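Visitor: Structure file structure30.csv (CSV, C-alpha atoms) right here:
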chain,number,residue,atom,x,y,z
S,1,MET,CA,0.0,0.0,0.0
S,2,TRP,CA,1.2,3.4,-0.9
S,3,GLY,CA,1.5,6.1,1.7
S,4,ASP,CA,-0.3,9.3,1.4
S,5,GLY,CA,2.8,11.2,0.4
S,6,LEU,CA,3.5,8.7,-2.4
S,7,LYS,CA,-0.1,9.0,-3.7
S,8,ALA,CA,0.1,12.8,-3.7
S,9,TRP,CA,3.4,12.7,-5.6
S,10,PHE,CA,2.0,10.3,-8.2
S,11,ALA,CA,-1.1,12.5,-8.6
S,12,ARG,CA,1.1,15.5,-9.2
S,13,LEU,CA,3.1,13.6,-11.7
S,14,THR,CA,0.1,12.3,-13.5
S,15,GLY,CA,-1.5,15.7,-13.5
S,16,ALA,CA,1.6,17.4,-14.9
S,17,ALA,CA,1.9,14.8,-17.6
S,18,ALA,CA,-1.7,15.3,-18.6
S,19,LEU,CA,-1.3,19.1,-18.5
S,20,ALA,CA,1.8,18.8,-20.7
S,21,GLU,CA,0.0,16.6,-23.1
S,22,ALA,CA,-3.0,18.9,-23.2
S,23,ARG,CA,-0.6,21.8,-23.9
S,24,ALA,CA,1.1,19.9,-26.6
S,25,GLN,CA,-2.2,19.0,-28.2
S,26,ALA,CA,-3.3,22.7,-28.0
S,27,GLU,CA,0.0,23.8,-29.7
S,28,ARG,CA,-0.5,21.2,-32.4
S,29,ALA,CA,-4.1,22.3,-33.0
S,30,GLU,CA,-3.0,26.0,-33.1
S,31,ALA,CA,-0.2,25.1,-35.6
S,32,ARG,CA,-2.7,23.2,-37.8
S,33,LEU,CA,-5.1,26.2,-37.5
S,34,ARG,CA,-2.3,28.6,-38.6
S,35,ASP,CA,-1.3,26.3,-41.4
S,36,ALA,CA,-4.9,26.1,-42.6
S,37,ILE,CA,-5.3,29.9,-42.4
S,38,ASP,CA,-2.0,30.5,-44.1
S,39,ALA,CA,-3.2,28.2,-46.9
S,40,ILE,CA,-6.2,30.5,-47.6
S,41,PRO,CA,-5.3,32.6,-50.7
S,42,GLU,CA,-7.1,35.7,-49.3
S,43,GLY,CA,-6.0,37.8,-46.4
S,44,VAL,CA,-7.7,36.7,-43.1
S,45,VAL,CA,-7.5,38.5,-39.7
S,46,PHE,CA,-9.2,37.7,-36.4
S,47,LEU,CA,-9.9,40.5,-33.9
S,48,ASP,CA,-11.2,40.4,-30.4
S,49,ALA,CA,-14.3,42.3,-29.2
S,50,GLU,CA,-12.1,45.4,-28.6
S,51,GLY,CA,-10.8,45.4,-32.2
S,52,ARG,CA,-7.4,44.0,-31.2
S,53,TYR,CA,-5.3,41.5,-33.2
S,54,ILE,CA,-5.6,37.8,-32.3
S,55,LEU,CA,-4.5,36.1,-35.4
S,56,TRP,CA,-3.7,36.8,-39.1
S,57,ASN,CA,-2.4,34.8,-42.0
S,58,ARG,CA,0.6,35.2,-44.2
S,59,ARG,CA,-1.5,36.6,-47.1
S,60,TYR,CA,-2.9,39.4,-44.9
S,61,ALA,CA,0.7,40.4,-43.9
S,62,GLU,CA,1.7,40.4,-47.6
S,63,ILE,CA,-1.3,42.6,-48.6
S,64,TYR,CA,-0.5,45.1,-45.9
S,65,HIS,CA,3.3,44.7,-46.2
S,66,ARG,CA,3.9,48.4,-45.5
S,67,SER,CA,2.2,48.0,-42.1
S,68,ALA,CA,3.1,44.4,-41.2
S,69,ASP,CA,5.7,45.6,-38.7
S,70,LEU,CA,2.9,47.0,-36.6
S,71,PHE,CA,1.0,43.7,-36.4
S,72,ARG,CA,1.1,42.0,-32.9
S,73,PRO,CA,-1.4,40.3,-30.7
S,74,GLY,CA,-3.2,42.8,-28.5
S,75,ALA,CA,-2.5,45.8,-30.8
S,76,ARG,CA,-5.6,47.6,-32.1
S,77,LEU,CA,-6.4,47.5,-35.8
S,78,ILE,CA,-7.6,51.2,-35.8
S,79,ASP,CA,-4.2,52.2,-34.4
S,80,THR,CA,-2.4,50.4,-37.2
S,81,LEU,CA,-4.7,52.2,-39.7
S,82,ARG,CA,-3.9,55.5,-38.0
S,83,GLU,CA,-0.1,54.9,-38.4
S,84,GLY,CA,-0.7,53.7,-42.0
S,85,VAL,CA,-2.5,57.0,-42.8
S,86,LYS,CA,0.5,58.9,-41.4
S,87,ARG,CA,2.7,56.9,-43.7
S,88,GLY,CA,0.5,57.6,-46.7
S,89,ASP,CA,-0.6,54.0,-47.2
S,90,TYR,CA,-4.2,54.9,-48.1
S,91,PRO,CA,-4.6,57.4,-51.0
S,92,ASP,CA,-8.3,58.0,-50.2
S,93,ALA,CA,-7.4,59.3,-46.8
S,94,ILE,CA,-5.1,62.1,-48.0
S,95,GLY,CA,-6.5,65.4,-47.1
S,96,ARG,CA,-9.3,63.9,-45.0
S,97,GLU,CA,-7.4,61.7,-42.6
S,98,GLU,CA,-9.6,62.0,-39.5
S,99,ALA,CA,-12.8,61.6,-41.5
S,100,TRP,CA,-11.4,58.6,-43.2
S,101,LEU,CA,-10.4,57.0,-39.9
S,102,ALA,CA,-13.8,57.7,-38.4
S,103,GLU,CA,-15.5,56.1,-41.4
S,104,ARG,CA,-13.3,53.0,-41.1
S,105,ALA,CA,-13.9,52.8,-37.4
S,106,ALA,CA,-17.6,52.9,-37.9
S,107,LYS,CA,-17.5,50.0,-40.4
S,108,LEU,CA,-15.3,48.0,-38.1
S,109,SER,CA,-17.6,48.6,-35.1
S,110,THR,CA,-20.7,47.3,-37.0
S,111,ALA,CA,-19.0,44.6,-39.0
S,112,THR,CA,-22.2,43.6,-40.8
S,113,GLY,CA,-20.6,41.7,-43.6
S,114,ASP,CA,-21.1,44.6,-46.1
S,115,ARG,CA,-18.3,44.8,-48.6
S,116,HIS,CA,-16.3,47.9,-49.5
S,117,GLU,CA,-13.3,48.7,-51.5
S,118,GLN,CA,-10.0,50.1,-50.4
S,119,GLN,CA,-7.0,51.3,-52.4
S,120,VAL,CA,-3.5,51.0,-51.0
S,121,ALA,CA,-0.4,53.1,-51.8
S,122,ASP,CA,1.1,50.7,-54.4
S,123,GLY,CA,-2.1,51.1,-56.5
S,124,ARG,CA,-3.7,47.8,-55.7
S,125,TRP,CA,-7.4,47.6,-54.9
S,126,LEU,CA,-8.8,45.4,-52.0
S,127,MET,CA,-12.2,44.2,-51.3
S,128,ILE,CA,-12.9,44.2,-47.5
S,129,GLU,CA,-15.5,42.1,-45.7
S,130,GLU,CA,-15.8,42.0,-41.9
S,131,ARG,CA,-18.3,40.0,-39.9
S,132,ARG,CA,-19.0,39.8,-36.1
S,133,THR,CA,-18.2,36.4,-34.5
S,134,SER,CA,-20.3,34.7,-31.8
S,135,ASP,CA,-18.0,35.9,-29.0
S,136,GLY,CA,-18.2,39.5,-30.1
S,137,GLY,CA,-14.9,39.5,-32.1
S,138,VAL,CA,-14.4,40.2,-35.8
S,139,ILE,CA,-13.2,38.0,-38.7
S,140,GLY,CA,-12.0,40.0,-41.6
S,141,LEU,CA,-11.4,39.0,-45.2
S,142,ARG,CA,-9.2,40.9,-47.7
S,143,VAL,CA,-9.3,40.1,-51.4
S,144,ASP,CA,-7.0,41.7,-54.0
S,145,ILE,CA,-9.4,42.8,-56.8
S,146,THR,CA,-6.8,44.9,-58.7
S,147,GLU,CA,-7.0,42.7,-61.8
S,148,MET,CA,-10.8,42.5,-61.6
S,149,LYS,CA,-10.9,46.3,-61.5
S,150,ARG,CA,-8.5,46.5,-64.5
S,151,GLN,CA,-10.7,44.2,-66.5
S,152,ALA,CA,-13.8,46.1,-65.6
S,153,GLU,CA,-12.2,49.4,-66.7
S,154,ALA,CA,-11.0,47.7,-69.9
S,155,LEU,CA,-14.5,46.4,-70.5
S,156,GLU,CA,-16.0,49.9,-69.8
S,157,GLN,CA,-13.6,51.5,-72.2
S,158,ALA,CA,-14.3,48.9,-74.8
S,159,LEU,CA,-18.1,49.5,-74.4
S,160,ALA,CA,-17.5,53.3,-74.6
S,161,HIS,CA,-15.4,52.8,-77.8
S,162,ALA,CA,-18.2,50.6,-79.3
S,163,GLU,CA,-20.8,53.2,-78.4
S,164,ALA,CA,-18.7,55.9,-79.9
S,165,ALA,CA,-18.1,53.8,-83.1
S,166,GLN,CA,-21.9,53.2,-83.3
S,167,LYS,CA,-22.6,56.9,-82.9
S,168,ALA,CA,-20.0,57.8,-85.5
S,169,LYS,CA,-21.5,55.2,-87.9
S,170,GLY,CA,-25.0,56.7,-87.3
S,171,GLU,CA,-23.6,60.3,-87.9
S,172,PHE,CA,-21.8,59.1,-91.0
S,173,LEU,CA,-25.0,57.5,-92.4
S,174,ALA,CA,-27.0,60.6,-91.6
S,175,ASP,CA,-24.4,62.8,-93.4
S,176,MET,CA,-24.4,60.4,-96.4
S,177,SER,CA,-28.2,60.4,-96.5
S,178,HIS,CA,-28.3,64.2,-96.5
S,179,GLU,CA,-25.5,64.6,-99.1
S,180,LEU,CA,-26.9,62.0,-101.5
S,181,ARG,CA,-30.6,62.6,-101.2
S,182,THR,CA,-30.5,66.4,-101.3
S,183,PRO,CA,-29.2,66.6,-104.9
S,184,LEU,CA,-31.3,63.5,-105.8
S,185,ASN,CA,-34.3,65.4,-104.6
S,186,GLY,CA,-33.6,68.2,-107.0
S,187,VAL,CA,-33.2,65.8,-109.9
S,188,VAL,CA,-36.4,64.0,-109.2
S,189,GLY,CA,-38.4,67.2,-108.5
S,190,LEU,CA,-37.2,69.0,-111.6
S,191,ALA,CA,-37.9,66.0,-113.7
S,192,GLN,CA,-41.4,65.8,-112.4
S,193,ALA,CA,-42.0,69.5,-113.0
S,194,LEU,CA,-40.6,69.2,-116.5
S,195,ASP,CA,-42.8,66.2,-117.2
S,196,ALA,CA,-45.8,68.3,-116.4
S,197,THR,CA,-45.0,70.8,-119.2
S,198,ASP,CA,-45.8,70.7,-122.9
S,199,LEU,CA,-43.1,68.4,-124.4
S,200,ASN,CA,-42.7,66.6,-127.7
S,201,PRO,CA,-42.5,62.8,-127.7
S,202,GLU,CA,-38.7,62.7,-127.8
S,203,GLN,CA,-38.3,65.2,-124.9
S,204,ARG,CA,-40.9,63.3,-122.9
S,205,GLY,CA,-38.9,60.1,-123.5
S,206,LEU,CA,-35.8,61.8,-122.2
S,207,VAL,CA,-37.6,63.0,-119.1
S,208,SER,CA,-38.9,59.5,-118.6
S,209,ASP,CA,-35.3,58.1,-118.8
S,210,ILE,CA,-34.2,60.8,-116.3
S,211,ARG,CA,-36.9,59.8,-113.8
S,212,ALA,CA,-36.2,56.1,-114.2
S,213,ALA,CA,-32.5,56.7,-113.6
S,214,ALA,CA,-33.3,58.8,-110.5
S,215,ARG,CA,-35.5,56.0,-109.2
S,216,GLN,CA,-32.7,53.6,-109.6
S,217,LEU,CA,-30.3,55.9,-107.9
S,218,ASP,CA,-32.8,56.3,-105.1
S,219,ARG,CA,-33.0,52.5,-104.6
S,220,LEU,CA,-29.2,52.3,-104.6
S,221,VAL,CA,-29.0,55.0,-102.0
S,222,ASN,CA,-31.6,53.3,-99.8
S,223,GLY,CA,-29.7,50.0,-100.1
S,224,LEU,CA,-26.4,51.7,-99.3
S,225,LEU,CA,-27.8,53.4,-96.2
S,226,ASP,CA,-30.0,50.5,-95.2
S,227,TYR,CA,-32.9,52.7,-94.5
S,228,GLY,CA,-36.5,51.6,-94.8
S,229,ASP,CA,-38.6,54.5,-96.0
S,230,ALA,CA,-42.3,54.2,-95.6
S,231,ASP,CA,-42.8,57.6,-97.2
S,232,LEU,CA,-41.0,56.6,-100.4
S,233,ALA,CA,-44.2,55.2,-101.9
S,234,PRO,CA,-44.8,54.3,-105.5
S,235,GLU,CA,-45.7,57.2,-107.7
S,236,ASP,CA,-49.3,56.1,-108.2
S,237,ALA,CA,-49.9,55.9,-104.4
S,238,ALA,CA,-50.5,58.4,-101.7
S,239,GLY,CA,-52.6,61.6,-101.9
S,240,HIS,CA,-53.7,64.1,-104.5
S,241,ALA,CA,-53.5,67.9,-104.7
S,242,PRO,CA,-55.6,69.6,-102.0
S,243,ASP,CA,-59.0,70.9,-103.3
S,244,ARG,CA,-59.1,74.4,-101.6
S,245,PRO,CA,-56.6,77.3,-102.0
S,246,LEU,CA,-53.6,77.0,-99.6
S,247,LYS,CA,-50.7,79.1,-98.5
S,248,VAL,CA,-47.7,77.1,-97.5
S,249,LEU,CA,-44.4,78.1,-95.8
S,250,ALA,CA,-41.4,76.0,-96.9
S,251,ALA,CA,-38.0,76.1,-95.2
S,252,ASP,CA,-34.9,74.6,-96.9
S,253,ASP,CA,-31.4,75.8,-97.2
S,254,ASN,CA,-30.8,74.3,-100.6
S,255,PRO,CA,-32.0,76.6,-103.5
S,256,THR,CA,-32.8,73.7,-105.8
S,257,ASN,CA,-34.9,72.0,-103.2
S,258,ARG,CA,-36.8,75.3,-102.7
S,259,LYS,CA,-37.4,75.5,-106.4
S,260,VAL,CA,-38.6,71.9,-106.5
S,261,ILE,CA,-41.2,72.6,-103.7
S,262,GLU,CA,-42.4,75.7,-105.5
S,263,LEU,CA,-42.8,73.9,-108.8
S,264,MET,CA,-44.7,71.0,-107.2
S,265,LEU,CA,-47.1,73.1,-105.2
S,266,GLU,CA,-47.6,76.0,-107.5
S,267,ALA,CA,-48.6,73.5,-110.3
S,268,ALA,CA,-51.5,72.5,-108.0
S,269,GLY,CA,-52.5,76.1,-107.3
S,270,VAL,CA,-50.8,76.3,-103.9
S,271,GLN,CA,-49.2,79.6,-102.9
S,272,VAL,CA,-45.7,79.0,-101.6
S,273,VAL,CA,-43.4,81.2,-99.5
S,274,THR,CA,-39.9,79.9,-99.2
S,275,VAL,CA,-37.1,80.7,-96.6
S,276,GLU,CA,-33.6,79.5,-96.1
S,277,ASN,CA,-33.4,78.5,-92.4
S,278,GLY,CA,-35.4,77.8,-89.3
S,279,TYR,CA,-35.0,81.3,-87.9
S,280,GLU,CA,-36.5,82.8,-91.0
S,281,ALA,CA,-39.3,80.1,-90.9
S,282,VAL,CA,-40.3,81.1,-87.4
S,283,GLU,CA,-40.2,84.8,-88.2
S,284,ALA,CA,-42.4,84.2,-91.4
S,285,TRP,CA,-44.8,82.0,-89.5
S,286,ARG,CA,-45.3,84.7,-86.8
S,287,GLY,CA,-46.7,86.9,-89.6
S,288,GLY,CA,-49.6,84.4,-89.8
S,289,GLY,CA,-51.7,83.4,-92.8
S,290,PHE,CA,-50.1,80.0,-93.5
S,291,ASP,CA,-52.1,76.8,-93.7
S,292,ALA,CA,-49.1,74.5,-93.4
S,293,VAL,CA,-45.4,74.5,-92.9
S,294,LEU,CA,-42.8,72.3,-94.7
S,295,MET,CA,-39.6,72.1,-92.7
S,296,ASP,CA,-36.2,70.7,-93.6
S,297,LEU,CA,-34.1,69.5,-90.7
S,298,ARG,CA,-30.5,70.4,-91.4
S,299,MET,CA,-30.3,74.1,-91.8
S,300,PRO,CA,-28.0,76.9,-90.7
S,301,VAL,CA,-28.8,79.5,-88.0
S,302,THR,CA,-31.7,77.5,-86.6
S,303,ASP,CA,-32.3,73.8,-87.5
S,304,GLY,CA,-35.7,72.5,-88.3
S,305,LEU,CA,-36.5,70.7,-85.0
S,306,SER,CA,-35.7,73.9,-83.0
S,307,ALA,CA,-37.9,75.9,-85.4
S,308,ILE,CA,-40.8,73.4,-84.9
S,309,ARG,CA,-40.4,73.5,-81.2
S,310,ALA,CA,-40.4,77.3,-81.2
S,311,ILE,CA,-43.6,77.4,-83.3
S,312,ARG,CA,-45.4,74.8,-81.0
S,313,SER,CA,-44.3,76.7,-77.9
S,314,GLU,CA,-45.7,80.0,-79.2
S,315,GLU,CA,-48.9,78.4,-80.3
S,316,LEU,CA,-49.4,77.0,-76.8
S,317,ALA,CA,-48.4,80.2,-75.0
S,318,GLU,CA,-50.5,82.5,-77.2
S,319,GLY,CA,-53.5,80.2,-77.8
S,320,ARG,CA,-52.9,80.2,-81.6
S,321,LYS,CA,-54.4,77.6,-83.9
S,322,ARG,CA,-52.0,74.7,-84.5
S,323,THR,CA,-50.3,74.9,-87.9
S,324,PRO,CA,-49.8,71.5,-89.6
S,325,THR,CA,-46.1,71.0,-90.0
S,326,ILE,CA,-44.4,68.4,-92.1
S,327,VAL,CA,-40.7,67.5,-92.1
S,328,LEU,CA,-39.0,67.1,-95.5
S,329,SER,CA,-35.6,65.6,-94.9
S,330,ALA,CA,-32.9,63.3,-96.3
S,331,ASN,CA,-32.5,61.9,-92.8
S,332,THR,CA,-35.1,59.2,-92.3
S,333,SER,CA,-33.9,56.8,-89.6
S,334,PRO,CA,-36.4,55.8,-86.9
S,335,ASP,CA,-34.5,58.1,-84.5
S,336,ASP,CA,-34.9,61.0,-87.0
S,337,ARG,CA,-38.7,60.3,-87.3
S,338,ALA,CA,-39.1,60.0,-83.5
S,339,ALA,CA,-37.3,63.3,-83.0
S,340,SER,CA,-39.6,65.0,-85.5
S,341,ALA,CA,-42.7,63.7,-83.8
S,342,ALA,CA,-41.3,64.7,-80.4
S,343,ALA,CA,-40.7,68.3,-81.7
S,344,GLY,CA,-44.3,68.5,-82.8
S,345,ALA,CA,-44.2,67.6,-86.5
S,346,ASP,CA,-47.3,66.1,-88.1
S,347,GLY,CA,-45.4,64.1,-90.7
S,348,HIS,CA,-42.0,63.2,-91.9
S,349,ILE,CA,-41.3,62.7,-95.7
S,350,ALA,CA,-38.1,61.4,-97.0
S,351,LYS,CA,-36.2,63.1,-99.8
S,352,PRO,CA,-36.2,62.8,-102.8
S,353,ILE,CA,-39.8,64.1,-102.5
S,354,ARG,CA,-42.6,62.5,-104.6
S,355,VAL,CA,-45.5,64.8,-105.5
S,356,GLU,CA,-48.0,62.2,-104.4
S,357,ALA,CA,-46.2,61.6,-101.0
S,358,LEU,CA,-46.1,65.4,-100.4
S,359,PHE,CA,-49.8,66.0,-101.2
S,360,GLY,CA,-50.8,62.9,-99.2
S,361,ALA,CA,-48.9,64.2,-96.2
S,362,LEU,CA,-50.5,67.6,-96.6
S,363,GLU,CA,-53.9,66.2,-97.0
S,364,SER,CA,-53.5,64.0,-93.9
S,365,ALA,CA,-52.2,66.8,-91.8
S,366,LEU,CA,-54.9,69.2,-92.8
S,367,GLU,CA,-57.7,66.6,-92.3
S,368,GLY,CA,-56.2,66.0,-88.8
S,369,GLN,CA,-56.4,69.7,-88.0
S,370,ALA,CA,-60.0,69.9,-89.3
S,371,ALA,CA,-61.0,66.9,-87.1
S,372,GLN,CA,-59.5,68.5,-84.0
S,373,ALA,CA,-61.4,71.7,-84.7
S,374,LEU,CA,-64.7,69.9,-84.7
Here is the file; what I need is its structure written in the form of structure tokens.
Guide:
Amino acid sequence: MWGDGLKAWFARLTGAAALAEARAQAERAEARLRDAIDAIPEGVVFLDAEGRYILWNRRYAEIYHRSADLFRPGARLIDTLREGVKRGDYPDAIGREEAWLAERAAKLSTATGDRHEQQVADGRWLMIEERRTSDGGVIGLRVDITEMKRQAEALEQALAHAEAAQKAKGEFLADMSHELRTPLNGVVGLAQALDATDLNPEQRGLVSDIRAAARQLDRLVNGLLDYGDADLAPEDAAGHAPDRPLKVLAADDNPTNRKVIELMLEAAGVQVVTVENGYEAVEAWRGGGFDAVLMDLRMPVTDGLSAIRAIRSEELAEGRKRTPTIVLSANTSPDDRAASAAAGADGHIAKPIRVEALFGALESALEGQAAQAL
């Protein structure tokens, strides 16, 4: 039988061995934990309830290499950030140091898991996520998103370039439409006017050839510009000359186009007043007496859309009767037509202008005005 002293000695020996084994197991577990945390490719940091460092991995120290000398258990993260601000580690804090630290402290105190971005002095961008643990501490995650940001910026630039290219393409097509259809409108209009005069058979045949060639050119232009034109109707379609006497104001900066409009309308007994730009159109309209307005879009001084908006604005402000207004333009894309309608136009006819299409648009606009008056 062991004496009491021997028993006490054995108990102490057994307890010491058990304690040593427990400590060894704890150290092994901590080493495994550190190895596991170090294996995580993102930066990881553990803080206690007071915001003090408990544990961090190798990647976290690499990410904040300029401040890694300040990391130690028990040190407060906010104090590390304060020193980093003094060193210029955070570009966003320059010039607003205390405000930046206050904002960072507020995020740290809530630690709701919301993500935010942070730029460091070497130009890298980090995504920060911090969550509260069950014991009141904080686990923080740091992800280097520099490459992601670069790719996003490159994509944004590519999209901007694509939009600019699309816009340039649209502007080019609009310019081409205007430059090709404007002279073509003159050819078609003058040929139509000439065809209405007293010609011998040979002359009428020549005019017919001119009109056929113009139609072919028109089809080629439409194919080139890929525009669908509802107003380019066959010559035997659309309306006829209006039955009652009319006075029409026509605005176009091209002299030939003004002449074509005059020939078309005067042949039907319509009185025509022509002007060279939108400013002159508004001034002439203010004088009153016009049953309708024909408006080109691209004109100097004041463009057609601005002129239409000015007319509609004054009609509304002064309680004047609405004057039917039709756009005559080489620009016929859906956007152009929508812009005309938004400005207050009652129709949009594509150049080259067909007599039937013009009279049809006038007839429709005047009938619409008469219906509104009832």
Visitor: Between S:Glu356, S:Asp346, S:Glu50, S:Glu97, single out the one closest to S:Gly368, counting all atoms listed in the file.
Guide: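 Comparing S:Glu356, S:Asp346, S:Glu50, S:Glu97 against S:Gly368, the winner is S:Asp346.
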Visitor: How many Å separate atom CA of S:Leu190 from atom CA of S:Ser364?
Guide: 24.6 Å
Visitor: For atom CA of S:Tyr53 and atom CA of S:Gln119, quote the distance in Å rounded to one decimal.
Guide: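 A separation of 21.6 Å between them.
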Visitor: Could you check how far atom CA of S:Asp291 sits from atom CA of S:Arg181, in Å to one decimal?
Guide: 26.8 Å
Visitor: Which neighbours of S:Ala61 fall inside 12 Å, counting all atoms listed in the file, when residues of the same chain fewer than 5 positions from it are skipped, and could you give them as a ChimeraX atom specification?
Guide: /S:38,41-45,55-56,66-72,142
Visitor: Need the shell around S:Thr274: protein/DNA/RNA residues with any atom at most 8 Å away, counting only C-alpha atoms. Skip same-chain ones fewer than 3 positions apart. Format as a list in words?
Guide: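 Listing them by chain and then by number gives Leu249, Ala250, Ala251, Asp252, Arg258 and Glu262 of chain S.
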Visitor: Calculated over all atoms listed in the file, which of the candidates S:Ala121, S:Ala342, S:Val301, S:Ile78 has the smallest distance to S:Glu103?
Guide: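 Closest candidate: S:Ile78.
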Visitor: Rank S:Trp125, S:Asp114, S:Asp209, S:Ile353 by their smallest atom-to-atom distance to S:Pro91, using only C-alpha atoms, and report the top residue only.
Guide: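 Once distances to S:Pro91 are computed over only C-alpha atoms, the minimum belongs to S:Trp125.
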Visitor: Point out the residue among S:Ala164, S:Ala330, S:Met148, S:Val138 with the least atom-to-atom distance to S:Met295, counting only C-alpha atoms.
Guide: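 The closest residue to S:Met295 is S:Ala330.
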Visitor: Which of these, S:Ala105, S:Leu263, S:Val143, S:Leu297, has the shortest distance to S:Ala193 once you count only C-alpha atoms?
Guide: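 Of S:Ala105, S:Leu263, S:Val143, S:Leu297, the one nearest S:Ala193, counting only C-alpha atoms, is S:Leu263.
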Visitor: Could you give me, as a ChimeraX atom specification, the residues within 6 Å of S:Ile54, counting only C-alpha atoms and dropping anything in the same chain fewer than 6 positions from it?
Guide: /S:46-47,73
Visitor: Store the residues picked out above, limited to C-alpha atoms, as a compact mmCIF listing (two decimals), keeping the file's coordinate frame.
Guide:
# COMPACT_ATOMS: atom_id res chain seq x y z
CA PHE S 46 -9.20 37.70 -36.40
CA LEU S 47 -9.90 40.50 -33.90
CA PRO S 73 -1.40 40.30 -30.70
Visitor: Can you tell me which residues surround stretch 313-329 of chain S at a distance of at most 7 Å, considering all atoms listed in the file, apart from same-chain residues fewer than 4 positions away, and format the answer as number ranges by chain?
Guide: S: 291-297, 309, 345-351, 365-366
Visitor: Could you check the closest approach to S:Arg34 for each of S:Arg87, S:Lys169, S:Arg58, S:Gly51 and tell me which residue wins, using only C-alpha atoms?
Guide: S:Arg58
Visitor: Would you mind writing stretch 133-147 of chain S with N, CA and C atoms, as a PDB file, in the coordinates of the input?
Guide:
ATOM      1  N   THR S 133     -18.150  37.783 -34.900  1.00  0.00           N
ATOM      2  CA  THR S 133     -18.200  36.400 -34.500  1.00  0.00           C
ATOM      3  C   THR S 133     -19.084  36.242 -33.253  1.00  0.00           C
ATOM      4  N   SER S 134     -19.340  34.985 -32.867  1.00  0.00           N
ATOM      5  CA  SER S 134     -20.300  34.700 -31.800  1.00  0.00           C
ATOM      6  C   SER S 134     -19.801  35.273 -30.435  1.00  0.00           C
ATOM      7  N   ASP S 135     -18.480  35.405 -30.259  1.00  0.00           N
ATOM      8  CA  ASP S 135     -18.000  35.900 -29.000  1.00  0.00           C
ATOM      9  C   ASP S 135     -17.754  37.436 -29.028  1.00  0.00           C
ATOM     10  N   GLY S 136     -18.269  38.101 -30.062  1.00  0.00           N
ATOM     11  CA  GLY S 136     -18.200  39.500 -30.100  1.00  0.00           C
ATOM     12  C   GLY S 136     -16.963  40.053 -30.896  1.00  0.00           C
ATOM     13  N   GLY S 137     -16.104  39.132 -31.320  1.00  0.00           N
ATOM     14  CA  GLY S 137     -14.900  39.500 -32.100  1.00  0.00           C
ATOM     15  C   GLY S 137     -15.280  39.773 -33.547  1.00  0.00           C
ATOM     16  N   VAL S 138     -14.263  39.904 -34.365  1.00  0.00           N
ATOM     17  CA  VAL S 138     -14.400  40.200 -35.800  1.00  0.00           C
ATOM     18  C   VAL S 138     -13.525  39.290 -36.598  1.00  0.00           C
ATOM     19  N   ILE S 139     -14.049  38.715 -37.673  1.00  0.00           N
ATOM     20  CA  ILE S 139     -13.200  38.000 -38.700  1.00  0.00           C
ATOM     21  C   ILE S 139     -13.260  38.865 -39.932  1.00  0.00           C
ATOM     22  N   GLY S 140     -12.084  39.197 -40.427  1.00  0.00           N
ATOM     23  CA  GLY S 140     -12.000  40.000 -41.600  1.00  0.00           C
ATOM     24  C   GLY S 140     -11.384  39.324 -42.784  1.00  0.00           C
ATOM     25  N   LEU S 141     -11.873  39.651 -43.982  1.00  0.00           N
ATOM     26  CA  LEU S 141     -11.400  39.000 -45.200  1.00  0.00           C
ATOM     27  C   LEU S 141     -10.896  40.152 -46.139  1.00  0.00           C
ATOM     28  N   ARG S 142      -9.726  39.939 -46.755  1.00  0.00           N
ATOM     29  CA  ARG S 142      -9.200  40.900 -47.700  1.00  0.00           C
ATOM     30  C   ARG S 142      -8.891  40.175 -49.022  1.00  0.00           C
ATOM     31  N   VAL S 143      -9.460  40.681 -50.114  1.00  0.00           N
ATOM     32  CA  VAL S 143      -9.300  40.100 -51.400  1.00  0.00           C
ATOM     33  C   VAL S 143      -8.691  41.121 -52.369  1.00  0.00           C
ATOM     34  N   ASP S 144      -7.615  40.776 -53.044  1.00  0.00           N
ATOM     35  CA  ASP S 144      -7.000  41.700 -54.000  1.00  0.00           C
ATOM     36  C   ASP S 144      -7.833  41.643 -55.304  1.00  0.00           C
ATOM     37  N   ILE S 145      -8.502  42.754 -55.604  1.00  0.00           N
ATOM     38  CA  ILE S 145      -9.400  42.800 -56.800  1.00  0.00           C
ATOM     39  C   ILE S 145      -8.788  43.732 -57.859  1.00  0.00           C
ATOM     40  N   THR S 146      -7.479  43.964 -57.800  1.00  0.00           N
ATOM     41  CA  THR S 146      -6.800  44.900 -58.700  1.00  0.00           C
ATOM     42  C   THR S 146      -7.056  44.433 -60.190  1.00  0.00           C
ATOM     43  N   GLU S 147      -6.828  43.161 -60.459  1.00  0.00           N
ATOM     44  CA  GLU S 147      -7.000  42.700 -61.800  1.00  0.00           C
ATOM     45  C   GLU S 147      -8.450  42.733 -62.264  1.00  0.00           C
TER      46      GLU S 147
END
